[in-house]
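So this block is upload_9.csv, CSV, C-alpha atoms and all ligand atoms:
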```csv
chain,number,residue,atom,x,y,z
A,1,MET,CA,32.6,8.9,6.4
A,2,LYS,CA,32.0,5.4,5.1
A,3,ASN,CA,30.4,4.9,1.7
A,4,PRO,CA,26.6,4.9,2.0
A,5,LEU,CA,24.8,1.7,1.2
A,6,LEU,CA,21.6,1.6,-0.8
A,7,SER,CA,19.2,-1.3,-0.2
A,8,ILE,CA,17.1,-2.1,-3.2
A,9,LEU,CA,14.0,-4.1,-2.1
A,10,THR,CA,12.1,-6.3,-4.3
A,11,PRO,CA,9.2,-8.5,-3.3
A,12,MET,CA,8.6,-11.3,-5.8
A,13,PHE,CA,5.7,-13.6,-6.3
A,14,ASN,CA,5.9,-15.9,-9.3
A,15,GLU,CA,8.2,-13.6,-11.3
A,16,SER,CA,10.3,-16.4,-12.8
A,17,SER,CA,9.7,-15.3,-16.4
A,18,GLY,CA,11.1,-11.8,-15.9
A,19,ILE,CA,13.8,-12.4,-13.3
A,20,ASP,CA,16.8,-12.5,-15.6
A,21,ARG,CA,15.8,-9.4,-17.4
A,22,PHE,CA,15.1,-7.7,-14.1
A,23,PHE,CA,18.6,-8.3,-12.8
A,24,SER,CA,20.4,-7.5,-16.0
A,25,THR,CA,18.5,-4.2,-16.4
A,26,LEU,CA,18.9,-3.2,-12.7
A,27,GLU,CA,22.6,-4.1,-12.5
A,28,HIS,CA,23.2,-2.3,-15.8
A,29,ALA,CA,21.5,0.8,-14.5
A,30,MET,CA,23.4,0.6,-11.2
A,31,LYS,CA,26.7,0.7,-13.0
A,32,ALA,CA,26.1,4.4,-13.6
A,33,VAL,CA,25.2,5.1,-10.0
A,34,PRO,CA,28.2,5.8,-7.8
A,35,ILE,CA,26.9,4.1,-4.6
A,36,ASP,CA,27.4,0.7,-2.9
A,37,TYR,CA,24.2,-1.3,-3.0
A,38,GLU,CA,22.5,-4.5,-2.1
A,39,ILE,CA,19.5,-6.0,-3.8
A,40,LEU,CA,17.3,-7.6,-1.3
A,41,CYS,CA,14.8,-9.9,-2.9
A,42,VAL,CA,11.9,-11.4,-0.9
A,43,ASP,CA,10.4,-14.6,-2.4
A,44,ASP,CA,6.8,-14.3,-1.3
A,45,GLY,CA,6.0,-18.0,-1.4
A,46,SER,CA,6.3,-18.3,-5.2
A,47,THR,CA,5.0,-21.6,-6.7
A,48,ASP,CA,7.2,-21.4,-9.8
A,49,ASP,CA,11.0,-21.5,-9.8
A,50,THR,CA,11.4,-17.9,-8.7
A,51,LEU,CA,13.3,-18.9,-5.6
A,52,ALA,CA,15.7,-21.3,-7.4
A,53,ARG,CA,16.5,-18.6,-9.9
A,54,LEU,CA,17.0,-16.0,-7.2
A,55,ARG,CA,19.5,-18.3,-5.4
A,56,ALA,CA,21.4,-18.7,-8.7
A,57,HIS,CA,21.6,-15.0,-9.1
A,58,ALA,CA,22.7,-14.6,-5.4
A,59,GLU,CA,25.5,-17.0,-6.1
A,60,ARG,CA,26.6,-15.1,-9.1
A,61,ASN,CA,26.4,-11.6,-7.6
A,62,PRO,CA,27.4,-11.1,-3.9
A,63,CYS,CA,25.3,-7.9,-3.8
A,64,ILE,CA,22.1,-10.0,-4.1
A,65,ARG,CA,20.5,-11.2,-0.9
A,66,VAL,CA,17.5,-13.5,-0.8
A,67,LEU,CA,14.9,-13.9,1.8
A,68,ALA,CA,12.4,-16.7,1.4
A,69,LEU,CA,9.0,-16.5,3.2
A,70,THR,CA,7.3,-19.8,4.2
A,71,ARG,CA,4.2,-19.0,2.1
A,72,ASN,CA,2.6,-16.2,0.1
A,73,PHE,CA,1.9,-13.5,2.7
A,74,GLY,CA,1.1,-10.8,0.2
A,75,LYS,CA,3.1,-7.9,-1.1
A,76,GLU,CA,2.7,-5.6,1.9
A,77,ALA,CA,4.0,-8.3,4.3
A,78,ALA,CA,6.9,-9.2,1.9
A,79,MET,CA,7.8,-5.5,1.8
A,80,THR,CA,7.8,-5.4,5.6
A,81,ALA,CA,10.1,-8.3,5.7
A,82,ALA,CA,12.4,-6.5,3.2
A,83,LEU,CA,12.4,-3.3,5.3
A,84,ASP,CA,13.2,-5.3,8.5
A,85,HIS,CA,16.2,-6.9,6.8
A,86,ALA,CA,17.6,-4.0,4.9
A,87,GLU,CA,20.8,-2.4,6.3
A,88,GLY,CA,21.2,0.4,3.8
A,89,ASP,CA,21.5,4.1,4.7
A,90,ALA,CA,18.7,4.5,2.2
A,91,VAL,CA,16.2,2.0,0.9
A,92,LEU,CA,14.4,1.8,-2.4
A,93,PRO,CA,11.6,-0.6,-3.0
A,94,ILE,CA,11.1,-1.5,-6.7
A,95,ASP,CA,8.8,-4.0,-8.4
A,96,ALA,CA,10.2,-7.0,-10.1
A,97,ASP,CA,8.3,-6.5,-13.3
A,98,LEU,CA,10.3,-3.5,-14.5
A,99,GLN,CA,7.3,-1.2,-14.3
A,100,ASP,CA,9.4,1.0,-12.2
A,101,PRO,CA,12.4,2.0,-14.4
A,102,PRO,CA,15.8,1.3,-12.7
A,103,GLU,CA,17.3,4.0,-14.8
A,104,LEU,CA,15.6,6.5,-12.5
A,105,ILE,CA,17.5,5.3,-9.4
A,106,GLY,CA,20.6,7.4,-10.3
A,107,ALA,CA,18.5,10.6,-10.2
A,108,MET,CA,16.8,9.6,-7.0
A,109,VAL,CA,20.1,8.9,-5.3
A,110,GLU,CA,21.4,12.2,-6.5
A,111,GLN,CA,18.5,14.1,-4.9
A,112,TRP,CA,19.0,12.2,-1.7
A,113,ARG,CA,22.7,12.9,-1.6
A,114,THR,CA,22.1,16.6,-1.8
A,115,GLY,CA,21.1,16.1,1.9
A,116,GLN,CA,18.0,18.2,1.4
A,117,TYR,CA,15.5,15.3,1.3
A,118,GLU,CA,14.8,12.2,3.3
A,119,VAL,CA,12.3,10.9,0.8
A,120,VAL,CA,12.4,11.0,-3.0
A,121,TYR,CA,9.2,9.9,-4.7
A,122,ALA,CA,9.0,8.6,-8.2
A,123,LYS,CA,5.6,9.7,-9.5
A,124,ARG,CA,3.9,8.2,-12.6
A,125,ALA,CA,3.5,11.2,-14.9
A,126,SER,CA,1.0,9.2,-17.0
A,127,ARG,CA,-0.9,6.0,-16.4
A,128,GLN,CA,-1.4,5.4,-20.1
A,129,THR,CA,-0.5,1.7,-19.7
A,130,ASP,CA,-3.4,1.3,-17.3
A,131,SER,CA,-7.0,0.8,-18.5
A,132,LEU,CA,-9.4,3.7,-18.2
A,133,LEU,CA,-11.3,1.9,-15.4
A,134,LYS,CA,-8.1,1.4,-13.4
A,135,ARG,CA,-7.1,5.0,-13.9
A,136,LYS,CA,-10.4,6.3,-12.8
A,137,THR,CA,-10.8,4.0,-9.8
A,138,ALA,CA,-7.2,4.9,-8.7
A,139,GLN,CA,-8.1,8.6,-9.0
A,140,TRP,CA,-11.2,8.2,-6.9
A,141,PHE,CA,-9.3,6.2,-4.3
A,142,TYR,CA,-6.6,8.9,-3.8
A,143,ARG,CA,-9.2,11.6,-3.5
A,144,LEU,CA,-11.3,9.7,-1.0
A,145,PHE,CA,-8.3,8.6,1.0
A,146,ASN,CA,-6.8,12.0,1.2
A,147,ARG,CA,-10.1,13.6,2.3
A,148,MET,CA,-10.7,11.1,5.0
A,149,SER,CA,-7.3,10.5,6.5
A,150,GLU,CA,-5.0,12.9,8.4
A,151,ILE,CA,-2.0,11.8,6.3
A,152,HIS,CA,-1.7,12.7,2.7
A,153,ILE,CA,-0.6,10.1,0.2
A,154,PRO,CA,0.7,11.5,-3.1
A,155,GLU,CA,-1.3,10.5,-6.1
A,156,ASN,CA,0.1,8.0,-8.6
A,157,VAL,CA,3.1,7.2,-6.4
A,158,GLY,CA,3.6,3.5,-5.9
A,159,ASP,CA,6.2,1.8,-3.6
A,160,PHE,CA,8.9,3.0,-5.9
A,161,ARG,CA,10.6,5.7,-3.8
A,162,LEU,CA,13.9,6.3,-2.0
A,163,MET,CA,13.8,6.6,1.7
A,164,ASP,CA,16.5,7.7,4.1
A,165,ARG,CA,17.4,5.4,7.0
A,166,LYS,CA,15.7,7.9,9.4
A,167,ALA,CA,12.3,7.4,7.6
A,168,VAL,CA,12.8,3.7,7.5
A,169,ASP,CA,13.5,3.5,11.2
A,170,ALA,CA,10.3,5.5,11.8
A,171,ILE,CA,8.3,3.1,9.6
A,172,LYS,CA,9.7,0.1,11.4
A,173,GLN,CA,8.2,1.5,14.7
A,174,LEU,CA,4.7,1.2,13.3
A,175,PRO,CA,3.4,-2.1,14.8
A,176,GLU,CA,0.2,-2.7,12.9
A,177,LYS,CA,-0.4,-6.1,11.3
A,178,ASP,CA,-2.7,-4.7,8.6
A,179,ARG,CA,0.0,-3.1,6.5
A,180,PHE,CA,-1.0,-0.6,4.0
A,181,MET,CA,2.5,0.3,2.9
A,182,LYS,CA,1.5,3.3,0.8
A,183,GLY,CA,0.1,4.9,3.9
A,184,LEU,CA,2.8,3.7,6.3
A,185,PHE,CA,5.5,5.0,4.0
A,186,CYS,CA,4.0,8.5,4.2
A,187,TRP,CA,3.3,8.4,7.9
A,188,PRO,CA,6.7,9.6,9.1
A,189,GLY,CA,6.6,12.7,6.9
A,190,PHE,CA,10.1,14.2,6.5
A,191,ARG,CA,11.3,16.4,3.6
A,192,HIS,CA,10.5,15.1,0.2
A,193,THR,CA,10.8,15.8,-3.5
A,194,VAL,CA,9.3,14.2,-6.6
A,195,ILE,CA,10.7,12.9,-9.8
A,196,GLU,CA,8.3,12.0,-12.6
A,197,PHE,CA,8.4,9.1,-14.9
A,198,ASP,CA,6.3,7.3,-17.5
A,199,ARG,CA,5.1,3.9,-16.3
A,200,GLN,CA,5.8,1.1,-18.7
A,201,GLU,CA,3.8,-2.1,-19.3
A,202,ARG,CA,4.8,-5.1,-17.3
A,203,ALA,CA,8.0,-6.6,-18.9
A,204,SER,CA,6.7,-10.1,-18.6
A,205,GLY,CA,4.2,-12.2,-16.6
A,206,GLN,CA,0.9,-10.9,-15.2
A,207,SER,CA,-0.2,-8.5,-12.6
A,208,LYS,CA,-1.1,-10.1,-9.3
A,209,PHE,CA,-3.7,-7.5,-8.5
A,210,ASN,CA,-7.2,-8.0,-9.9
A,211,TYR,CA,-10.0,-5.7,-9.1
A,212,TRP,CA,-11.2,-7.7,-6.1
A,213,ARG,CA,-7.8,-7.6,-4.6
A,214,LEU,CA,-7.5,-3.9,-5.3
A,215,TRP,CA,-10.9,-3.2,-3.8
A,216,ASN,CA,-9.8,-5.0,-0.6
A,217,PHE,CA,-6.5,-3.1,-0.7
A,218,ALA,CA,-8.4,0.2,-0.9
A,219,LEU,CA,-10.7,-0.8,2.0
A,220,SER,CA,-7.7,-1.8,4.1
A,221,GLY,CA,-6.0,1.5,3.3
A,222,ILE,CA,-9.0,3.6,4.3
A,223,THR,CA,-9.9,1.7,7.4
A,224,SER,CA,-6.2,1.6,8.5
A,225,PHE,CA,-5.8,5.4,8.3
A,226,SER,CA,-9.2,6.9,9.0
A,227,THR,CA,-12.1,6.4,11.3
A,228,PHE,CA,-14.2,8.8,9.3
A,229,PRO,CA,-16.4,6.1,7.8
A,230,ILE,CA,-17.7,5.0,11.3
A,231,ARG,CA,-18.0,8.6,12.4
A,232,ALA,CA,-20.1,9.2,9.3
A,233,GLY,CA,-22.5,6.6,10.7
A,234,THR,CA,-23.0,8.7,13.8
A,235,TYR,CA,-23.6,11.9,11.9
A,236,PHE,CA,-26.0,10.1,9.5
A,237,GLY,CA,-27.9,8.6,12.4
A,238,LEU,CA,-28.1,12.1,14.0
A,239,LEU,CA,-29.4,13.6,10.8
A,240,VAL,CA,-32.0,10.9,10.3
A,241,SER,CA,-33.2,11.2,14.0
A,242,LEU,CA,-33.6,14.9,13.5
A,243,PHE,CA,-35.8,14.4,10.5
A,244,ALA,CA,-37.7,11.7,12.3
A,245,PHE,CA,-38.3,14.1,15.2
A,246,ILE,CA,-39.5,16.9,12.9
A,247,TYR,CA,-41.7,14.4,11.1
A,248,ALA,CA,-43.2,13.1,14.4
A,249,VAL,CA,-44.1,16.6,15.5
A,250,ILE,CA,-45.8,17.2,12.1
A,251,VAL,CA,-47.7,13.9,12.4
A,252,ILE,CA,-48.9,14.7,16.0
A,253,ILE,CA,-50.1,18.1,15.0
A,254,LYS,CA,-51.8,16.8,11.9
A,255,THR,CA,-53.5,14.1,13.9
A,256,LEU,CA,-54.7,16.6,16.5
A,257,PHE,CA,-56.3,18.8,13.8
A,258,THR,CA,-57.5,16.4,11.1
A,259,GLY,CA,-57.9,13.1,13.0
A,260,VAL,CA,-56.4,9.7,12.1
A,261,ASP,CA,-55.9,8.7,8.5
A,262,VAL,CA,-54.9,5.1,7.7
A,263,PRO,CA,-53.2,5.1,4.3
A,264,GLY,CA,-49.4,5.3,4.6
A,265,TYR,CA,-48.2,1.8,3.7
A,266,ALA,CA,-45.9,3.0,1.0
A,267,SER,CA,-44.2,5.7,3.0
A,268,THR,CA,-43.8,3.3,6.0
A,269,MET,CA,-42.2,0.7,3.8
A,270,VAL,CA,-39.8,3.2,2.3
A,271,VAL,CA,-38.7,4.4,5.7
A,272,ILE,CA,-38.2,0.9,7.1
A,273,LEU,CA,-36.3,-0.4,4.1
A,274,PHE,CA,-34.2,2.7,3.9
A,275,LEU,CA,-33.3,2.7,7.6
A,276,GLY,CA,-32.7,-1.1,7.5
A,277,GLY,CA,-30.3,-0.7,4.6
A,278,ILE,CA,-28.4,2.1,6.3
A,279,GLN,CA,-28.2,0.2,9.5
A,280,LEU,CA,-26.8,-2.9,7.8
A,281,PHE,CA,-24.3,-0.8,5.9
A,282,PHE,CA,-22.9,0.8,9.0
A,283,LEU,CA,-23.0,-2.5,10.9
A,284,GLY,CA,-20.9,-4.0,8.1
A,285,LEU,CA,-18.6,-1.0,8.3
A,286,LEU,CA,-18.2,-1.4,12.0
A,287,GLY,CA,-17.5,-5.1,11.4
A,288,GLU,CA,-14.6,-4.0,9.2
A,289,TYR,CA,-13.0,-2.2,12.1
A,290,VAL,CA,-13.8,-4.8,14.6
A,291,GLY,CA,-12.2,-7.4,12.3
A,292,ARG,CA,-9.1,-5.3,12.1
A,293,ILE,CA,-9.0,-4.9,15.8
A,294,TYR,CA,-9.3,-8.6,16.1
A,295,LYS,CA,-6.4,-9.0,13.7
A,296,GLU,CA,-4.2,-6.6,15.8
A,297,VAL,CA,-4.9,-8.2,19.2
A,298,LYS,CA,-4.1,-11.7,17.9
A,299,ASN,CA,-0.7,-10.2,17.4
A,300,ARG,CA,0.5,-12.8,14.9
A,301,PRO,CA,3.8,-12.2,13.1
A,302,ILE,CA,3.4,-10.4,9.8
A,303,TYR,CA,5.5,-12.9,7.9
A,304,LEU,CA,7.7,-15.9,8.6
A,305,VAL,CA,11.1,-16.4,7.1
A,306,ALA,CA,11.9,-19.9,5.8
A,307,ALA,CA,15.5,-19.2,4.8
A,308,LYS,CA,18.0,-16.5,3.9
A,309,TRP,CA,20.9,-16.4,1.4
A,310,GLY,CA,23.6,-13.9,1.0
A,311,PHE,CA,23.4,-12.5,4.5
A,312,GLU,CA,26.3,-14.6,5.9
A,313,GLU,CA,28.9,-11.9,5.9
A,314,ARG,CA,26.7,-9.7,8.0
A,315,ASP,CA,24.8,-12.1,10.2
A,316,THR,CA,26.4,-14.2,12.8
A,317,ASP,CA,23.1,-16.1,13.7
B,1,LIG,N1,4.0,-9.4,-5.2
B,1,LIG,C1,4.4,-10.1,-4.0
B,1,LIG,N2,3.4,-10.8,-3.4
B,1,LIG,C2,2.1,-10.9,-3.8
B,1,LIG,C3,1.8,-10.1,-5.0
B,1,LIG,C4,2.7,-9.4,-5.7
B,1,LIG,O1,5.5,-10.0,-3.6
B,1,LIG,O2,1.3,-11.6,-3.2
B,1,LIG,C5,5.1,-8.6,-5.9
B,1,LIG,C6,5.2,-8.9,-7.4
B,1,LIG,O3,6.0,-10.0,-7.6
B,1,LIG,C7,5.8,-7.6,-7.9
B,1,LIG,C8,5.2,-6.5,-7.0
B,1,LIG,O4,4.7,-7.2,-5.9
B,1,LIG,O5,7.2,-7.5,-7.8
B,1,LIG,C9,4.1,-5.8,-7.7
B,1,LIG,O6,3.1,-6.7,-8.2
B,1,LIG,P1,2.3,-6.5,-9.6
B,1,LIG,O7,3.3,-6.1,-10.6
B,1,LIG,O8,1.5,-7.7,-9.8
B,1,LIG,O9,1.4,-5.3,-9.2
B,1,LIG,P2,0.9,-4.1,-10.1
B,1,LIG,O10,2.1,-3.5,-10.8
B,1,LIG,O11,-0.1,-4.7,-11.1
B,1,LIG,O12,0.2,-3.1,-9.2
B,2,MG,MG,3.5,-4.4,-11.8
```

Please go through the file and, once you have read it, give me the structure as structure tokens.
Ligand code: UDP
Ligand code: MG
Amino acid sequence: MKNPLLSILTPMFNESSGIDRFFSTLEHAMKAVPIDYEILCVDDGSTDDTLARLRAHAERNPCIRVLALTRNFGKEAAMTAALDHAEGDAVLPIDADLQDPPELIGAMVEQWRTGQYEVVYAKRASRQTDSLLKRKTAQWFYRLFNRMSEIHIPENVGDFRLMDRKAVDAIKQLPEKDRFMKGLFCWPGFRHTVIEFDRQERASGQSKFNYWRLWNFALSGITSFSTFPIRAGTYFGLLVSLFAFIYAVIVIIKTLFTGVDVPGYASTMVVILFLGGIQLFFLGLLGEYVGRIYKEVKNRPIYLVAAKWGFEERDTD
């Protein structure tokens, strides 16, 4: 059997300051791992000199391949591009900021090569480098997500994981445009095992995910994998109708026995405002789904490739 190939996938958006360190650390770590590998970097429309530096590295090391997107499509799209272009028998996404330690790759490959697992997760044993707010919100998100959706995503596991070709091919069959990779990665299932690690601070540069972006990310994740929120609207509506019916019966009986009494402004207002708020809320929620349906039916490509380097020996196009 031929030597297996590992595709290491790295989306990069304005990572210029850390790129040299990233490659030296990764290449050093890979020396200890007995496997052929390629490092497939996707430049996600960086505005600094990330791409120029990537090309210089690709020239130096023939294992490095570079894919440049035409603009910033976001990490999920960049990861999709990387998956589509990876040829390895296993793939392993890793962030460019060294928050995912390359030293762990050896252990992950070892687990995979036992032949018992198609997926090897690297789980953050601690999130001490994250703020309390980020830790808490992440925890709530995982709980909520796993309650609502049929698939289960492991807590505190990022994109850093090793996946066998079988799992990758399954993921590539998922056609959605709204790509919540954490969910998509888990969708195929397969046998998995977990390796724990301590997540470090970013080696250099800044996180591209502020709270607003994370909130949208969470919303996208939940609406992509669960219709529970709109169904909740139905149940809530039913419950409110039931109460309204009971209340109507009470009012009718009361009117029959004690006659009409006028006061009731406060309670009327409360009911109107409450129901109005609930209706707007679920209308907005419905809009989330309709918007996503709209995005899917437009059927636009998830990303556009501007140029490729280092694929020559494999591509004939
Ligand atoms: N990234 C990307 N496109 C984006 C935002 C981020 O390719 O629009 C890349 C980024 O360069 C890094 C990885 O995604 O390699 C993770 O980003 P970051 O470290 O900012 O996320 P965090 O670790 O804070 O979740
Ligand atoms: Mg990071």

ask   = Which chains and residue numbers are within 10 Å of ligand LIG 1 (chain B), counting all atoms listed in the file, if I want them as number ranges by chain?
value = A: 9-16, 18-19, 41-46, 50, 71-79, 93-100, 130, 158-159, 199-210, 213-214

Given the selection you just returned, output its residues as a file containing C-alpha atoms, formatted as a short mmCIF file (atom, residue, chain, number, x, y, z; two decimals), in the coordinates of the input.
```cif
data_model
loop_
_atom_site.label_atom_id
_atom_site.label_comp_id
_atom_site.auth_asym_id
_atom_site.auth_seq_id
_atom_site.Cartn_x
_atom_site.Cartn_y
_atom_site.Cartn_z
CA LEU A 9 14.00 -4.10 -2.10
CA THR A 10 12.10 -6.30 -4.30
CA PRO A 11 9.20 -8.50 -3.30
CA MET A 12 8.60 -11.30 -5.80
CA PHE A 13 5.70 -13.60 -6.30
CA ASN A 14 5.90 -15.90 -9.30
CA GLU A 15 8.20 -13.60 -11.30
CA SER A 16 10.30 -16.40 -12.80
CA GLY A 18 11.10 -11.80 -15.90
CA ILE A 19 13.80 -12.40 -13.30
CA CYS A 41 14.80 -9.90 -2.90
CA VAL A 42 11.90 -11.40 -0.90
CA ASP A 43 10.40 -14.60 -2.40
CA ASP A 44 6.80 -14.30 -1.30
CA GLY A 45 6.00 -18.00 -1.40
CA SER A 46 6.30 -18.30 -5.20
CA THR A 50 11.40 -17.90 -8.70
CA ARG A 71 4.20 -19.00 2.10
CA ASN A 72 2.60 -16.20 0.10
CA PHE A 73 1.90 -13.50 2.70
CA GLY A 74 1.10 -10.80 0.20
CA LYS A 75 3.10 -7.90 -1.10
CA GLU A 76 2.70 -5.60 1.90
CA ALA A 77 4.00 -8.30 4.30
CA ALA A 78 6.90 -9.20 1.90
CA MET A 79 7.80 -5.50 1.80
CA PRO A 93 11.60 -0.60 -3.00
CA ILE A 94 11.10 -1.50 -6.70
CA ASP A 95 8.80 -4.00 -8.40
CA ALA A 96 10.20 -7.00 -10.10
CA ASP A 97 8.30 -6.50 -13.30
CA LEU A 98 10.30 -3.50 -14.50
CA GLN A 99 7.30 -1.20 -14.30
CA ASP A 100 9.40 1.00 -12.20
CA ASP A 130 -3.40 1.30 -17.30
CA GLY A 158 3.60 3.50 -5.90
CA ASP A 159 6.20 1.80 -3.60
CA ARG A 199 5.10 3.90 -16.30
CA GLN A 200 5.80 1.10 -18.70
CA GLU A 201 3.80 -2.10 -19.30
CA ARG A 202 4.80 -5.10 -17.30
CA ALA A 203 8.00 -6.60 -18.90
CA SER A 204 6.70 -10.10 -18.60
CA GLY A 205 4.20 -12.20 -16.60
CA GLN A 206 0.90 -10.90 -15.20
CA SER A 207 -0.20 -8.50 -12.60
CA LYS A 208 -1.10 -10.10 -9.30
CA PHE A 209 -3.70 -7.50 -8.50
CA ASN A 210 -7.20 -8.00 -9.90
CA ARG A 213 -7.80 -7.60 -4.60
CA LEU A 214 -7.50 -3.90 -5.30
#
```

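Relative to atom CA of Phe225 of chain A, atom CA of Gly183 of chain A is found at 7.4 Å.
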
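Each of A:Leu5, A:Ala56, A:Thr129, A:Gln139 was checked against ligand MG 2 (chain B) using all atoms listed in the file; the smallest atom-to-atom distance is that of A:Thr129.
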
ask   = Which polymer residues, protein or nucleic acid, are no farther than 10 Å from (0.6, 6.9, 10.0), counting only C-alpha atoms, as JSON, numbers by chain?
value = {"A": [149, 150, 151, 152, 170, 171, 174, 180, 181, 182, 183, 184, 185, 186, 187, 188, 189, 224, 225, 226]}

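If you measure from each of A:Asn156, A:Phe243, A:Pro4, A:Thr193 to Gln111 of chain A using all atoms listed in the file, the closest one turns out to be A:Thr193.
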
key: Between atom CA of Arg292 of chain A and atom CA of Arg231 of chain A, distance in Å (one decimal)   =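 Computed distance, atom CA of Arg292 of chain A to atom CA of Arg231 of chain A, equals 16.5 Å.
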
request  = Just give me the gap between atom CA of Leu6 of chain A and atom CA of Gly88 of chain A in Å, one decimal is fine.
outcome  =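 About the pair atom CA of Leu6 of chain A and atom CA of Gly88 of chain A: they are 4.8 Å apart.
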
query = For Glu196 of chain A, which of A:Leu219, A:Ile246, A:Val120, A:Leu144 is the closest residue, counting all atoms listed in the file?
reply =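 Ranking A:Leu219, A:Ile246, A:Val120, A:Leu144 by distance to Glu196 of chain A, first place goes to A:Val120.
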
message = Taking all atoms listed in the file into account, name the residue in A:Phe281, A:Phe217, A:Phe245, A:Phe197 that is nearest to Ile230 of chain A.
response =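 That would be A:Phe281, the residue with the smallest distance to Ile230 of chain A.
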
inquiry  = Could you check the closest approach to ligand MG 2 (chain B) for each of A:Pro101, A:Arg60, A:Thr268, A:Arg55 and tell me which residue wins, using all atoms listed in the file?
reply    = A:Pro101

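Compared by their closest atoms to Leu69 of chain A, and using all atoms listed in the file, the residues A:Ala248, A:Phe311, A:Ile195, A:Ala306 rank with A:Ala306 nearest.
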
task = Quick one: everything within 6 Å of segment 20-33 of chain A, counting all atoms listed in the file, minus sequence neighbours fewer than 5 positions away in the same chain. Send it as number ranges by chain.
result = A: 102-103, 106

Your completed segment 156-161 of chain A with all heavy atoms, as a PDB file, in the coordinates of the input:
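Output (out18.pdb):
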```pdb
ATOM      1  N   ASN A 156      -0.652   8.707  -7.547  1.00  0.00           N
ATOM      2  CA  ASN A 156       0.100   8.000  -8.600  1.00  0.00           C
ATOM      3  C   ASN A 156       1.590   7.748  -8.175  1.00  0.00           C
ATOM      4  O   ASN A 156       2.473   7.723  -9.020  1.00  0.00           O
ATOM      5  CB  ASN A 156       0.101   8.763  -9.897  1.00  0.00           C
ATOM      6  CG  ASN A 156      -1.305   8.797 -10.458  1.00  0.00           C
ATOM      7  OD1 ASN A 156      -2.109   7.913 -10.147  1.00  0.00           O
ATOM      8  ND2 ASN A 156      -1.612   9.798 -11.244  1.00  0.00           N
ATOM      9  N   VAL A 157       1.818   7.594  -6.884  1.00  0.00           N
ATOM     10  CA  VAL A 157       3.100   7.200  -6.400  1.00  0.00           C
ATOM     11  C   VAL A 157       2.971   5.773  -5.855  1.00  0.00           C
ATOM     12  O   VAL A 157       2.120   5.549  -5.012  1.00  0.00           O
ATOM     13  CB  VAL A 157       3.692   8.129  -5.354  1.00  0.00           C
ATOM     14  CG1 VAL A 157       4.984   7.589  -4.778  1.00  0.00           C
ATOM     15  CG2 VAL A 157       3.900   9.509  -5.937  1.00  0.00           C
ATOM     16  N   GLY A 158       3.733   4.846  -6.359  1.00  0.00           N
ATOM     17  CA  GLY A 158       3.600   3.500  -5.900  1.00  0.00           C
ATOM     18  C   GLY A 158       4.626   3.282  -4.730  1.00  0.00           C
ATOM     19  O   GLY A 158       4.929   4.213  -3.976  1.00  0.00           O
ATOM     20  N   ASP A 159       5.155   2.075  -4.622  1.00  0.00           N
ATOM     21  CA  ASP A 159       6.200   1.800  -3.600  1.00  0.00           C
ATOM     22  C   ASP A 159       7.533   2.336  -4.043  1.00  0.00           C
ATOM     23  O   ASP A 159       8.466   2.390  -3.262  1.00  0.00           O
ATOM     24  CB  ASP A 159       6.256   0.350  -3.263  1.00  0.00           C
ATOM     25  CG  ASP A 159       5.008  -0.127  -2.549  1.00  0.00           C
ATOM     26  OD1 ASP A 159       4.264   0.723  -2.039  1.00  0.00           O
ATOM     27  OD2 ASP A 159       4.784  -1.351  -2.510  1.00  0.00           O
ATOM     28  N   PHE A 160       7.641   2.648  -5.321  1.00  0.00           N
ATOM     29  CA  PHE A 160       8.900   3.000  -5.900  1.00  0.00           C
ATOM     30  C   PHE A 160       9.304   4.439  -5.403  1.00  0.00           C
ATOM     31  O   PHE A 160       8.789   5.452  -5.875  1.00  0.00           O
ATOM     32  CB  PHE A 160       8.781   3.046  -7.424  1.00  0.00           C
ATOM     33  CG  PHE A 160      10.071   3.227  -8.173  1.00  0.00           C
ATOM     34  CD1 PHE A 160      11.258   2.673  -7.716  1.00  0.00           C
ATOM     35  CD2 PHE A 160      10.098   3.932  -9.366  1.00  0.00           C
ATOM     36  CE1 PHE A 160      12.439   2.819  -8.428  1.00  0.00           C
ATOM     37  CE2 PHE A 160      11.271   4.097 -10.081  1.00  0.00           C
ATOM     38  CZ  PHE A 160      12.443   3.540  -9.608  1.00  0.00           C
ATOM     39  N   ARG A 161      10.203   4.484  -4.429  1.00  0.00           N
ATOM     40  CA  ARG A 161      10.600   5.700  -3.800  1.00  0.00           C
ATOM     41  C   ARG A 161      11.904   5.478  -3.066  1.00  0.00           C
ATOM     42  O   ARG A 161      12.179   4.337  -2.709  1.00  0.00           O
ATOM     43  CB  ARG A 161       9.547   6.263  -2.887  1.00  0.00           C
ATOM     44  CG  ARG A 161       9.269   5.289  -1.768  1.00  0.00           C
ATOM     45  CD  ARG A 161       8.119   5.718  -0.903  1.00  0.00           C
ATOM     46  NE  ARG A 161       6.845   5.577  -1.580  1.00  0.00           N
ATOM     47  CZ  ARG A 161       5.709   6.112  -1.150  1.00  0.00           C
ATOM     48  NH1 ARG A 161       5.703   6.836  -0.066  1.00  0.00           N
ATOM     49  NH2 ARG A 161       4.594   5.934  -1.787  1.00  0.00           N
TER      50      ARG A 161
END
```
